[in-house]
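K.L.:
First the structure, which I've put down as structure tokens, then a few questions once you've had a look.
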Amino acid sequence: MSDDTRHPSEVARRALMAGAGVLAASVALIACGGAASRSGALLPPAGTPAGPPAGPPGEPAGAAGGRLASTSDIPIGGGTVIAGKKVVVTQPVPGTFAAFSAICTHQGCPVNKVANGTIDCPCHGSKFAVADGSVVQGPASRPLARRQITVSGDAIVLE
Ligand code: FES
């Protein structure tokens with residue numbers, strides 16, 4: 001039997017298999033040093049922004065750290081972890097705000113909770129004071145790094 005007598009679906013299947021082989025070869029080429037990427041033939045990975053990231057509405061593009069939260073978002077005596085910015089904003093007393101790095105000084109886990117006056121790390125249990133980021137409970141031995149913020153109206157902005 002010659003190829004001309006094959007069922008059309010068999011021809012399509014074989015053509016598909018040949019295409020898959022070419023694709024596999026392309027993937028292997030990329031894996032072996034990215035030569036294909038120099039051709040410019042590849043699309044950017046899914047989710048890659050097409051241009052510079054846009055800030056929140058009303059925020060000028062390229063503003064230093066950008067708006068973190070509204071003052072009303074931050075509980076008095078507590079705080080809020082803003083994971084996307086790796087910052088914790090606290091309000092130890094009404095109308096006074098502070099901000100710290102959300103990266104634990106013990107081994108670098110992101111803190112994930114603010115409760116009972118402390119900023120808590122889930123990895124090994126370190127706790128830091130909402131007022132100044134100092135260590136309340138180890139194993140961390142250094143305070144959370146302070147981040148500079150400004151409060152403008154109801155907006156808390158990272159500098
Ligand atoms: Fe936070 Fe260990 S990394 S307690």
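For the structure tokens, the naming scheme is as follows: chains receive sequential letters (A, B, ...) according to their order of presentation, residues are indexed from 1 within each chain, and ligands are indexed from 1 in presentation order.
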Need to verify the contact set: Ala155 of chain A, 7 Å, only C-alpha atoms, exclusion of same-chain residues closer than 4 positions in sequence. Can you return it as a PyMOL selection string?
P.N.:
chain A and resi 67+69-71+151
K.L.:
Counting only C-alpha atoms and all ligand atoms, which residues in chain A sit no more than 7 Å from ligand 1? For each one, give the nearest pair of atoms and the distance in Å, sorted by chain then residue number, as CSV.
P.N.:
residue,atom,partner,partner_atom_place_in_ligand_line,distance
A:Cys104,CA,ligand 1,1 (Fe),4.6
A:Thr105,CA,ligand 1,1 (Fe),6.5
A:His106,CA,ligand 1,3 (S),4.5
A:Gln107,CA,ligand 1,3 (S),3.8
A:Gly108,CA,ligand 1,3 (S),4.9
A:Cys109,CA,ligand 1,3 (S),4.4
A:Val111,CA,ligand 1,1 (Fe),6.9
A:Cys121,CA,ligand 1,1 (Fe),4.7
A:Pro122,CA,ligand 1,1 (Fe),6.5
A:Cys123,CA,ligand 1,2 (Fe),4.9
A:His124,CA,ligand 1,4 (S),3.7
A:Gly125,CA,ligand 1,4 (S),4.8
A:Ser126,CA,ligand 1,4 (S),4.2
A:Gly138,CA,ligand 1,4 (S),6.8
A:Pro139,CA,ligand 1,4 (S),5.8
A:Ala140,CA,ligand 1,4 (S),5.8
K.L.:
I want to know what sits within 10 Å of Val130 of chain A, based on only C-alpha atoms, with residues of the same chain fewer than 4 positions away left out; could you give that as a VMD selection string?
P.N.:
chain A and resid 77 to 79 88 to 93 97 to 100 114 to 120 134 to 136 144
